[in-house]
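Engineer: Structure supplied as query_6.cif; contents: mmCIF, C-alpha atoms.
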data_input
loop_
_atom_site.label_atom_id
_atom_site.label_comp_id
_atom_site.auth_asym_id
_atom_site.auth_seq_id
_atom_site.Cartn_x
_atom_site.Cartn_y
_atom_site.Cartn_z
CA MET A 1 35.53 -18.58 35.94
CA TYR A 2 36.87 -16.60 38.88
CA ALA A 3 35.17 -16.94 42.25
CA ASP A 4 34.97 -14.71 45.33
CA ALA A 5 35.54 -11.63 43.21
CA THR A 6 36.19 -8.21 44.71
CA PRO A 7 37.05 -4.98 42.86
CA THR A 8 40.75 -5.87 43.14
CA SER A 9 41.07 -9.66 43.26
CA ALA A 10 39.47 -13.03 42.56
CA SER A 11 40.36 -16.71 42.85
CA TYR A 12 40.71 -18.87 39.74
CA ALA A 13 38.06 -21.59 39.83
CA TRP A 14 37.47 -23.20 36.42
CA GLN A 15 37.97 -23.02 32.68
CA GLY A 16 36.27 -24.64 29.71
CA LYS A 17 37.67 -24.77 26.20
CA GLY A 18 35.99 -24.34 22.80
CA TRP A 19 33.98 -21.24 23.61
CA GLN A 20 35.49 -19.30 20.71
CA ILE A 21 32.67 -20.66 18.51
CA TYR A 22 30.40 -18.04 20.09
CA ASN A 23 30.38 -14.37 19.15
CA LYS A 24 28.30 -13.34 22.15
CA LEU A 25 28.26 -14.59 25.77
CA PHE A 26 26.11 -13.05 28.48
CA SER A 27 24.03 -13.88 31.51
CA PRO A 28 20.35 -13.04 32.00
CA GLY A 29 20.57 -14.15 35.64
CA ASP A 30 18.58 -17.11 36.99
CA VAL A 31 16.39 -18.54 34.23
CA ASN A 32 14.98 -21.60 36.02
CA ASP A 33 14.50 -20.32 39.59
CA ASP A 34 17.21 -22.42 41.26
CA ASN A 35 19.04 -19.34 42.60
CA LEU A 36 21.98 -19.93 40.22
CA ALA A 37 22.97 -17.62 37.40
CA ASP A 38 22.79 -19.10 33.90
CA VAL A 39 24.64 -18.27 30.67
CA LEU A 40 23.46 -17.58 27.13
CA ALA A 41 25.73 -18.05 24.10
CA ARG A 42 25.11 -17.15 20.44
CA ASP A 43 27.09 -18.86 17.67
CA THR A 44 27.92 -17.51 14.22
CA THR A 45 24.82 -19.12 12.67
CA GLY A 46 22.62 -17.03 14.95
CA THR A 47 21.59 -19.96 17.16
CA LEU A 48 21.21 -19.14 20.85
CA TYR A 49 22.09 -21.70 23.52
CA LEU A 50 21.44 -21.75 27.26
CA TYR A 51 23.85 -23.17 29.84
CA TYR A 52 22.26 -23.70 33.25
CA GLY A 53 24.34 -23.02 36.33
CA THR A 54 25.01 -26.11 38.44
CA GLY A 55 26.53 -24.64 41.58
CA LYS A 56 29.59 -26.89 41.23
CA ARG A 57 33.01 -25.29 40.93
CA SER A 58 34.42 -28.27 39.04
CA ALA A 59 31.61 -28.17 36.45
CA PRO A 60 29.69 -24.91 36.88
CA LEU A 61 27.60 -25.15 33.70
CA SER A 62 25.31 -27.83 32.32
CA ALA A 63 25.33 -29.18 28.80
CA ARG A 64 23.92 -26.55 26.45
CA VAL A 65 20.24 -26.36 25.57
CA ARG A 66 19.18 -24.90 22.23
CA VAL A 67 16.94 -21.85 22.66
CA GLY A 68 16.36 -21.11 19.00
CA SER A 69 17.69 -19.67 15.74
CA GLY A 70 17.54 -16.23 14.15
CA TRP A 71 19.27 -14.37 16.95
CA ASN A 72 21.80 -12.85 14.55
CA THR A 73 19.13 -10.30 13.62
CA TYR A 74 20.23 -8.50 16.79
CA ASP A 75 23.43 -6.48 17.09
CA GLN A 76 23.12 -6.10 20.87
CA LEU A 77 21.92 -8.60 23.50
CA ILE A 78 21.39 -7.67 27.15
CA GLY A 79 20.89 -10.01 30.11
CA MET A 80 18.60 -8.21 32.53
CA GLY A 81 17.46 -10.37 35.41
CA ASP A 82 13.78 -10.19 36.29
CA ASN A 83 12.30 -6.97 34.91
CA ASN A 84 8.59 -7.73 34.87
CA GLY A 85 8.09 -9.00 38.41
CA ASP A 86 7.30 -12.65 37.68
CA GLY A 87 10.51 -14.04 39.18
CA TRP A 88 12.02 -15.25 35.89
CA ALA A 89 15.12 -13.78 34.28
CA ASP A 90 14.48 -11.70 31.16
CA LEU A 91 16.54 -10.28 28.33
CA TYR A 92 16.53 -7.38 25.89
CA ALA A 93 17.68 -7.43 22.26
CA ARG A 94 18.30 -4.55 19.86
CA ASP A 95 17.96 -5.04 16.13
CA THR A 96 19.98 -3.17 13.51
CA ALA A 97 17.04 -0.82 12.82
CA GLY A 98 17.33 0.42 16.41
CA THR A 99 14.25 -1.22 17.94
CA LEU A 100 14.69 -2.61 21.46
CA TRP A 101 12.80 -5.81 22.20
CA PHE A 102 11.90 -7.39 25.54
CA TYR A 103 11.90 -11.18 25.93
CA PRO A 104 10.17 -12.27 29.17
CA GLY A 105 11.44 -15.34 30.98
CA THR A 106 8.95 -18.18 31.24
CA GLY A 107 10.54 -20.60 33.72
CA ASP A 108 9.99 -23.35 31.13
CA LYS A 109 13.23 -25.19 30.30
CA ALA A 110 11.89 -26.17 26.88
CA THR A 111 10.99 -22.55 25.99
CA PRO A 112 12.83 -20.30 28.43
CA PHE A 113 11.73 -17.01 26.84
CA GLY A 114 8.32 -15.88 25.67
CA ALA A 115 7.25 -13.88 22.64
CA ARG A 116 9.12 -10.60 22.24
CA LYS A 117 7.54 -7.22 22.88
CA SER A 118 8.75 -3.92 21.44
CA VAL A 119 10.09 -1.45 23.98
CA GLY A 120 10.53 1.27 21.37
CA GLY A 121 12.66 2.51 18.50
CA GLY A 122 15.57 4.90 18.26
CA TRP A 123 18.01 2.83 20.31
CA ASN A 124 20.61 2.87 17.51
CA ILE A 125 21.82 6.23 18.83
CA TYR A 126 23.68 4.17 21.45
CA ASN A 127 26.86 2.20 20.84
CA THR A 128 26.47 0.03 23.92
CA ILE A 129 23.80 -0.75 26.52
CA VAL A 130 24.84 -1.94 29.98
CA PRO A 131 22.54 -3.60 32.55
CA VAL A 132 23.08 -2.34 36.10
CA GLY A 133 20.63 -4.52 38.02
CA ASP A 134 18.19 -3.06 40.52
CA ASP A 135 19.98 0.21 41.05
CA ASN A 136 17.24 2.12 42.89
CA GLY A 137 15.88 -0.65 45.13
CA ASP A 138 12.41 -0.94 43.59
CA GLY A 139 12.90 -4.56 42.47
CA ASN A 140 13.23 -3.70 38.77
CA GLY A 141 16.36 -3.61 36.63
CA GLU A 142 17.88 -0.49 35.16
CA LEU A 143 19.94 0.20 32.03
CA LEU A 144 22.75 2.56 31.12
CA ALA A 145 23.08 3.41 27.43
CA ARG A 146 26.16 5.20 26.05
CA ASP A 147 25.87 7.47 23.03
CA THR A 148 28.66 8.03 20.51
CA LYS A 149 29.90 11.12 22.37
CA GLY A 150 30.62 8.96 25.43
CA THR A 151 27.65 10.14 27.52
CA PHE A 152 25.66 7.64 29.59
CA TRP A 153 21.87 7.81 29.74
CA TYR A 154 19.93 6.13 32.55
CA TYR A 155 16.71 4.13 32.06
CA THR A 156 14.64 2.94 35.04
CA GLY A 157 12.66 -0.29 34.77
CA LYS A 158 8.89 0.06 35.27
CA GLY A 159 8.24 -3.53 36.37
CA ASN A 160 6.47 -4.66 33.20
CA GLY A 161 9.41 -4.94 30.80
CA THR A 162 9.15 -1.34 29.65
CA LEU A 163 11.40 1.54 30.68
CA ALA A 164 10.85 5.06 31.94
CA GLY A 165 12.14 8.02 29.94
CA ARG A 166 15.87 8.53 29.94
CA VAL A 167 17.81 10.75 32.33
CA GLN A 168 21.39 11.87 31.72
CA GLY A 169 23.61 9.60 33.80
CA SER A 170 27.09 11.06 33.33
CA SER A 171 28.95 14.12 32.20
CA VAL A 172 28.97 14.73 28.44
CA GLY A 173 31.66 12.54 26.91
CA GLY A 174 32.74 11.20 30.28
CA TRP A 175 32.85 7.56 29.13
CA GLU A 176 34.57 8.02 25.78
CA GLY A 177 37.43 5.64 25.12
CA VAL A 178 36.13 2.53 26.90
CA PRO A 179 35.91 -0.24 24.27
CA GLN A 180 34.10 -2.83 26.40
CA PHE A 181 32.10 -2.93 29.64
CA GLY A 182 31.46 -6.06 31.69
CA GLY A 183 28.03 -7.44 30.85
CA ALA A 184 27.55 -4.94 28.03
CA SER A 185 25.21 -5.70 25.15
CA ASN A 186 27.60 -5.13 22.25
CA SER A 187 29.70 -7.96 20.85
CA PRO A 188 33.34 -7.69 21.99
CA VAL A 189 35.45 -6.12 19.26
CA ALA A 190 38.99 -6.67 20.54
CA ALA A 191 39.62 -9.49 18.07
CA THR A 192 39.29 -7.21 15.02
CA LYS A 193 41.47 -4.09 14.95
CA GLU A 194 42.03 -1.27 17.39
CA GLY A 195 42.96 1.45 14.92
CA VAL A 196 45.04 2.32 11.86
CA LEU A 197 48.66 1.89 10.79
CA ALA A 198 49.97 4.66 8.50
CA ARG A 199 53.38 4.80 6.79
CA ASP A 200 54.92 8.03 5.49
CA SER A 201 57.17 8.44 2.44
CA ALA A 202 60.28 8.16 4.63
CA GLY A 203 59.21 4.68 5.72
CA THR A 204 58.23 5.60 9.28
CA MET A 205 55.10 3.91 10.62
CA PHE A 206 52.57 5.61 12.89
CA TRP A 207 49.65 4.29 14.92
CA TYR A 208 46.23 5.94 15.31
CA GLY A 209 44.02 4.27 17.92
CA SER A 210 40.23 4.23 18.22
CA ARG A 211 38.58 6.51 20.79
CA THR A 212 35.06 4.93 20.57
CA ASN A 213 33.56 8.26 19.46
CA GLY A 214 34.16 7.83 15.73
CA VAL A 215 37.53 9.57 15.51
CA LEU A 216 41.13 8.62 16.15
CA THR A 217 43.72 9.33 18.81
CA ALA A 218 46.76 11.47 18.13
CA ARG A 219 49.38 9.47 16.27
CA GLY A 220 52.27 7.70 17.91
CA GLN A 221 55.35 6.34 16.17
CA PHE A 222 55.33 2.60 15.63
CA GLY A 223 58.83 1.15 15.28
CA ASP A 224 62.08 2.73 14.14
CA THR A 225 62.29 5.87 12.04
CA GLY A 226 62.31 4.72 8.42
CA GLY A 227 62.09 1.12 9.55
CA TRP A 228 59.13 0.25 7.32
CA ARG A 229 60.53 1.67 4.08
CA GLY A 230 59.64 -0.61 1.17
CA ALA A 231 57.76 -3.13 3.33
CA ASP A 232 54.82 -4.93 1.70
CA TYR A 233 52.61 -5.13 4.77
CA THR A 234 48.94 -5.64 5.65
CA HIS A 235 47.24 -4.87 8.96
CA LEU A 236 45.16 -7.90 10.03
CA ALA A 237 42.47 -8.62 12.58
CA SER A 238 43.81 -10.74 15.42
CA LEU A 239 45.02 -14.24 14.54
CA ASP A 240 45.90 -15.40 18.06
CA PRO A 241 44.51 -15.38 21.61
CA ASP A 242 45.96 -11.97 22.55
CA ASN A 243 43.10 -10.33 20.60
CA SER A 244 45.45 -7.62 19.33
CA SER A 245 45.65 -6.98 15.61
CA ASP A 246 48.60 -8.45 13.71
CA ILE A 247 50.81 -7.43 10.79
CA ALA A 248 51.46 -9.63 7.77
CA GLN A 249 54.45 -8.97 5.51
CA LEU A 250 55.36 -10.41 2.14
CA PHE A 251 59.12 -10.61 1.64
CA ASP A 252 61.16 -12.61 -0.85
CA ASN A 253 58.16 -14.84 -1.68
CA GLY A 254 57.61 -15.60 2.02
CA LEU A 255 54.85 -14.65 4.45
CA TYR A 256 55.62 -13.34 7.93
CA VAL A 257 53.09 -12.57 10.67
CA ASP A 258 54.40 -10.32 13.42
CA GLY A 259 57.91 -11.32 12.35
CA VAL A 260 57.24 -15.08 12.48
CA TYR A 261 57.95 -16.92 9.24
CA ILE A 262 54.84 -18.76 7.98
CA GLY A 263 56.08 -20.22 4.69
CA SER A 264 57.08 -19.62 1.08
CA GLY A 265 55.09 -19.32 -2.13
CA TRP A 266 53.06 -16.32 -1.06
CA GLY A 267 54.50 -14.07 -3.76
CA VAL A 268 51.73 -15.22 -6.12
CA TYR A 269 49.27 -13.00 -4.26
CA ASN A 270 48.72 -9.29 -4.83
CA ALA A 271 46.30 -8.70 -1.97
CA LEU A 272 45.93 -10.01 1.58
CA VAL A 273 42.96 -9.35 3.90
CA GLY A 274 42.55 -10.35 7.53
CA PRO A 275 38.90 -9.59 8.41
CA GLY A 276 38.55 -11.93 11.40
CA ASP A 277 36.83 -15.32 11.68
CA LEU A 278 35.26 -16.36 8.37
CA SER A 279 34.93 -20.09 9.06
CA GLY A 280 32.90 -20.02 12.29
CA ASP A 281 35.54 -21.66 14.48
CA GLY A 282 36.36 -18.49 16.41
CA LYS A 283 39.87 -18.19 14.96
CA GLY A 284 41.09 -15.38 12.72
CA ASP A 285 41.47 -16.23 9.03
CA LEU A 286 43.29 -14.81 6.01
CA LEU A 287 42.12 -14.05 2.48
CA ALA A 288 44.58 -13.95 -0.43
CA ARG A 289 43.97 -12.90 -4.05
CA ASP A 290 46.26 -14.06 -6.85
CA ARG A 291 47.10 -12.16 -10.04
CA SER A 292 44.43 -14.06 -11.98
CA GLY A 293 41.73 -12.67 -9.68
CA ASN A 294 41.13 -15.86 -7.72
CA LEU A 295 40.37 -15.42 -4.03
CA TYR A 296 41.42 -18.03 -1.46
CA LEU A 297 40.62 -18.53 2.22
CA TYR A 298 43.30 -19.69 4.64
CA LYS A 299 41.86 -20.84 7.97
CA GLY A 300 44.01 -19.68 10.88
CA ASN A 301 45.26 -22.03 13.57
CA GLY A 302 44.38 -19.59 16.34
CA GLN A 303 48.03 -18.97 17.21
CA SER A 304 49.16 -16.76 14.27
CA THR A 305 51.79 -19.38 13.42
CA GLY A 306 50.16 -21.18 10.51
CA PHE A 307 47.19 -21.76 8.25
CA ALA A 308 45.29 -24.74 6.88
CA SER A 309 45.39 -25.57 3.18
CA ARG A 310 43.76 -22.90 1.08
CA ILE A 311 40.11 -23.06 0.01
CA LYS A 312 39.13 -21.37 -3.23
CA VAL A 313 36.42 -18.78 -2.67
CA GLY A 314 36.00 -17.96 -6.36
CA GLY A 315 37.26 -16.06 -9.38
CA GLY A 316 36.61 -12.58 -10.70
CA TRP A 317 37.98 -10.75 -7.70
CA GLY A 318 40.41 -8.86 -9.94
CA ALA A 319 37.46 -6.55 -10.68
CA PHE A 320 38.12 -4.91 -7.31
CA ASN A 321 40.93 -2.46 -6.67
CA LYS A 322 40.45 -2.61 -2.93
CA ILE A 323 39.31 -5.42 -0.60
CA VAL A 324 39.28 -4.70 3.15
CA GLY A 325 37.70 -6.02 6.31
CA ALA A 326 37.86 -5.83 10.07
CA GLY A 327 34.89 -7.37 11.85
CA ASP A 328 31.14 -7.30 11.38
CA TYR A 329 29.47 -4.90 8.90
CA THR A 330 25.96 -6.37 8.92
CA GLY A 331 25.25 -6.61 12.67
CA ASP A 332 24.86 -10.39 12.77
CA GLY A 333 28.07 -11.05 14.70
CA ARG A 334 29.96 -12.57 11.76
CA ALA A 335 33.02 -11.13 10.02
CA ASP A 336 32.40 -9.59 6.59
CA ILE A 337 34.47 -7.87 3.91
CA VAL A 338 34.10 -4.74 1.79
CA ALA A 339 35.23 -4.52 -1.84
CA ARG A 340 35.51 -1.51 -4.17
CA ALA A 341 35.06 -2.09 -7.89
CA THR A 342 37.08 -0.17 -10.46
CA ASP A 343 34.02 1.98 -11.25
CA GLY A 344 33.88 3.19 -7.63
CA VAL A 345 30.95 1.07 -6.44
CA LEU A 346 31.46 -0.31 -2.92
CA TYR A 347 30.01 -3.66 -1.89
CA VAL A 348 29.67 -5.58 1.37
CA TYR A 349 30.10 -9.33 1.17
CA PRO A 350 28.35 -10.74 4.27
CA GLY A 351 30.12 -13.58 6.02
CA THR A 352 28.34 -16.91 6.41
CA GLY A 353 30.59 -18.62 8.95
CA ASN A 354 31.08 -21.45 6.43
CA ALA A 355 34.65 -21.90 5.18
CA THR A 356 33.62 -23.60 1.93
CA ALA A 357 31.23 -20.77 1.00
CA PRO A 358 32.31 -17.89 3.24
CA PHE A 359 30.24 -15.07 1.68
CA GLY A 360 26.62 -14.53 0.86
CA ALA A 361 25.22 -12.41 -1.94
CA ARG A 362 26.90 -9.02 -2.04
CA LYS A 363 25.09 -5.81 -1.10
CA GLU A 364 25.81 -2.45 -2.69
CA VAL A 365 26.92 0.15 -0.15
CA GLY A 366 27.10 3.09 -2.53
CA ARG A 367 28.75 4.73 -5.49
CA GLY A 368 31.50 7.30 -5.87
CA TRP A 369 34.03 5.60 -3.63
CA ASN A 370 36.74 6.13 -6.25
CA THR A 371 37.01 9.66 -4.85
CA TYR A 372 39.20 8.06 -2.20
CA SER A 373 42.82 7.18 -2.83
CA LYS A 374 42.68 4.89 0.19
CA VAL A 375 39.81 2.89 1.72
CA ILE A 376 40.61 1.60 5.21
CA ALA A 377 38.97 -0.88 7.57
CA PRO A 378 40.01 0.34 11.06
CA GLY A 379 37.75 -1.97 13.05
CA ASP A 380 35.16 -0.44 15.36
CA LEU A 381 35.55 3.32 15.72
CA ASN A 382 32.48 4.08 17.84
CA GLY A 383 32.29 1.18 20.29
CA ASP A 384 29.10 -0.47 19.03
CA GLY A 385 30.76 -3.77 18.10
CA LYS A 386 30.44 -3.29 14.32
CA GLY A 387 33.12 -2.38 11.80
CA ASP A 388 33.42 1.14 10.40
CA LEU A 389 35.22 2.54 7.35
CA LEU A 390 37.62 5.35 6.53
CA GLY A 391 38.44 7.04 3.23
CA VAL A 392 41.29 9.38 2.30
CA THR A 393 40.88 11.77 -0.63
CA SER A 394 43.75 12.60 -2.96
CA GLY A 395 44.00 15.95 -1.17
CA GLY A 396 44.59 14.20 2.15
CA ASP A 397 41.24 14.67 3.90
CA LEU A 398 40.25 11.74 6.11
CA TRP A 399 36.54 10.88 6.20
CA GLY A 400 34.75 8.41 8.47
CA TYR A 401 31.71 6.21 7.86
CA GLN A 402 30.00 4.66 10.88
CA ASN A 403 28.22 1.35 10.49
CA ALA A 404 24.43 1.61 10.43
CA GLY A 405 23.79 -2.14 10.41
CA SER A 406 22.60 -4.50 7.66
CA GLY A 407 25.60 -3.64 5.50
CA LYS A 408 24.84 0.07 5.43
CA PHE A 409 26.83 3.08 6.57
CA GLY A 410 25.81 6.51 7.78
CA ASP A 411 26.68 9.84 6.20
CA ARG A 412 30.36 10.59 6.01
CA TYR A 413 32.00 12.97 8.49
CA LYS A 414 35.35 14.68 8.26
CA ILE A 415 38.01 13.57 10.74
CA GLY A 416 40.83 15.77 9.57
CA PRO A 417 43.25 16.91 6.83
CA GLY A 418 46.90 16.14 6.16
CA PHE A 419 46.76 12.40 5.51
CA GLN A 420 48.33 12.74 2.04
CA ILE A 421 51.72 12.38 3.76
CA TYR A 422 51.11 8.62 4.01
CA ASN A 423 51.75 6.25 1.12
CA ALA A 424 50.02 3.35 2.87
CA MET A 425 47.27 3.06 5.49
CA SER A 426 45.56 -0.07 6.77
#
Please go through the file and, once you have read it, give me the structure as structure tokens.
Structural biologist:
Amino acid sequence: MYADATPTSASYAWQGKGWQIYNKLFSPGDVNDDNLADVLARDTTGTLYLYYGTGKRSAPLSARVRVGSGWNTYDQLIGMGDNNGDGWADLYARDTAGTLWFYPGTGDKATPFGARKSVGGGWNIYNTIVPVGDDNGDGNGELLARDTKGTFWYYTGKGNGTLAGRVQGSSVGGWEGVPQFGGASNSPVAATKEGVLARDSAGTMFWYGSRTNGVLTARGQFGDTGGWRGADYTHLASLDPDNSSDIAQLFDNGLYVDGVYIGSGWGVYNALVGPGDLSGDGKGDLLARDRSGNLYLYKGNGQSTGFASRIKVGGGWGAFNKIVGAGDYTGDGRADIVARATDGVLYVYPGTGNATAPFGARKEVGRGWNTYSKVIAPGDLNGDGKGDLLGVTSGGDLWGYQNAGSGKFGDRYKIGPGFQIYNAMS
């Protein structure tokens, strides 16, 4: 916590450890009418907890209070303040179908929020929703919602939990490229990936970053010319507190992460995947498949310097010719993976947050994915907090698939040609 904040400075006041168990943190404002802002936190099981503000710098938050379960049905959560005029802080929640729900504050510590009410559908056209408080001085809160082109739309509160019709709030595309806003509804995505690594036949690596509008930035060279020739590498979601994606390399039976030697014996594996946190402890993990088709989970230590003893996920994973992952594909805030079978059928394996049984029953995404020579998990391409996918045809055309929630993806769209020059992309 930083106190006395201005646009350019703030004074360090407090820190608490262990908060990485939550995939969403936000504030609805003052829930219990003591003039102190409170905090809501959702864990990977979908349970929502409330931390009351205490007003003490040395211990600014109370012990957590359980609000309830099932909150992983929402892919965006918005703390709003009082938006129905009763003096209690409220919140909004968007489900993966695109319906926005209003939860009125009750002032009751045992049940701080009342039954939800539908505000309306169609909100899945936005990749993030940002509360702006009482912007027009009428005592009701307002919202800004950004579409995938980077345009903000402005919604005025009507004082009863509903919202007036939208008005364009920025120039078209004016807010493209911002991955995260303070207080925004989407789950932060920095701990997955920020783009794609691509290596050409000469061994030179290039970086394509995300622009939050579904496409990629112009490429920039990553490392020395020819410096990645022959490297057996995998692009991973972040394994350490810097929240930047990492690179694993297999060399001479050893595993290296960002150049740091992890250990030997890793040559038994023919596939590595770093999709994010699979165990629910908030630390990035690693999946490894051996040549017999057995898949193992290695829990990360949160520092990218080591892993716990492996846990067997199961056998039969040799049926897949591609396993990838970078973040959440179902909208519940947990990391998932995607696997392509040899017949071209693509599946999502939803994460459970349980290291001993990390995946639920698989869901079929679609057929015909063997048209792609490469299937890539770039992380979040459109800024909505969920993972997207890329596919490269044998002719070199790059296609994008934006996440539609619940393990589904929208229609493909062409990003560009010429990607046949790369022999590896991840």
Engineer: Could you check the closest approach to Gly405 of chain A for each of A:Pro179, A:Gly314, A:Gly169, A:Gly98 and tell me which residue wins, using only C-alpha atoms?
Structural biologist: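 Ranked by minimum distance to Gly405 of chain A, first place goes to A:Gly98.
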Engineer: Determine the residue set returned by the PyMOL selection byres ((chain A and resi 342-352) around 6) for the present structure, and present it as a list in words.
Structural biologist: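 Selected by the PyMOL selection byres ((chain A and resi 342-352) around 6) here: Phe320, Asn321, Arg334, Ala335, Asp336, Ile337, Val338, Ala339, Arg340, Ala341, Gly353, Asn354, Pro358, Phe359, Gly360, Arg362, Lys363, Glu364, Val365, Gly366, Arg367, Gly368, Trp369 and Asn370 of chain A.
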Engineer: Using only C-alpha atoms, which of A:Ser27, A:Asn270, A:Thr99, A:Thr305 sits nearest Ala184 of chain A?
Structural biologist: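 Residue with the minimum atom-to-atom distance to Ala184 of chain A: A:Ser27.
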Engineer: List the residues selected by the PyMOL selection byres ((chain A and resi 148) around 8) in the file shown, writing them as a list in words.
Structural biologist: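 Output from the PyMOL selection byres ((chain A and resi 148) around 8), applied to this file: Ile125, Tyr126, Asn127, Arg146, Asp147, Lys149, Gly150, Thr151, Glu176, Thr212, Asn213, Gly214, Asn382 and Gly383 of chain A.
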Engineer: Pick out the closest residue to Ala424 of chain A from this set: A:Ser244, A:Gln20, A:Ser201, A:Asn186. Count only C-alpha atoms.
Structural biologist: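 Ranked by minimum distance to Ala424 of chain A, first place goes to A:Ser201.
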Engineer: Going by the chain IDs and residue numbers used in this file, which residues fall under the PyMOL selection byres ((chain A and resi 263) around 10)? Write them as a PyMOL selection string.
Structural biologist: chain A and resi 253-256+260-262+264-266+305-307
Engineer: Please dump the current selection as a short mmCIF file (atom, residue, chain, number, x, y, z; two decimals), in the coordinates of the input; keep C-alpha atoms.
Structural biologist:
data_model
loop_
_atom_site.label_atom_id
_atom_site.label_comp_id
_atom_site.auth_asym_id
_atom_site.auth_seq_id
_atom_site.Cartn_x
_atom_site.Cartn_y
_atom_site.Cartn_z
CA ASN A 253 58.16 -14.84 -1.68
CA GLY A 254 57.61 -15.60 2.02
CA LEU A 255 54.85 -14.65 4.45
CA TYR A 256 55.62 -13.34 7.93
CA VAL A 260 57.24 -15.08 12.48
CA TYR A 261 57.95 -16.92 9.24
CA ILE A 262 54.84 -18.76 7.98
CA SER A 264 57.08 -19.62 1.08
CA GLY A 265 55.09 -19.32 -2.13
CA TRP A 266 53.06 -16.32 -1.06
CA THR A 305 51.79 -19.38 13.42
CA GLY A 306 50.16 -21.18 10.51
CA PHE A 307 47.19 -21.76 8.25
#
Engineer: Between atom CA of Trp399 of chain A and atom CA of Ile323 of chain A, what is the spacing in Å?
Structural biologist: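 If I compute the distance from atom CA of Ile323 of chain A to atom CA of Trp399 of chain A, I get 17.9 Å.
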Engineer: Calculate how many Å separate atom CA of Ser292 of chain A from atom CA of Arg310 of chain A, rounding to one decimal.
Structural biologist: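 Between atom CA of Ser292 of chain A and atom CA of Arg310 of chain A the gap is 15.8 Å.
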Engineer: With all atoms listed in the file as the atoms that count, which of A:Ser238, A:Ser62, A:Thr96, A:Asn83 lies nearest to Gly325 of chain A?
Structural biologist: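 Once distances to Gly325 of chain A are computed over all atoms listed in the file, the minimum belongs to A:Ser238.
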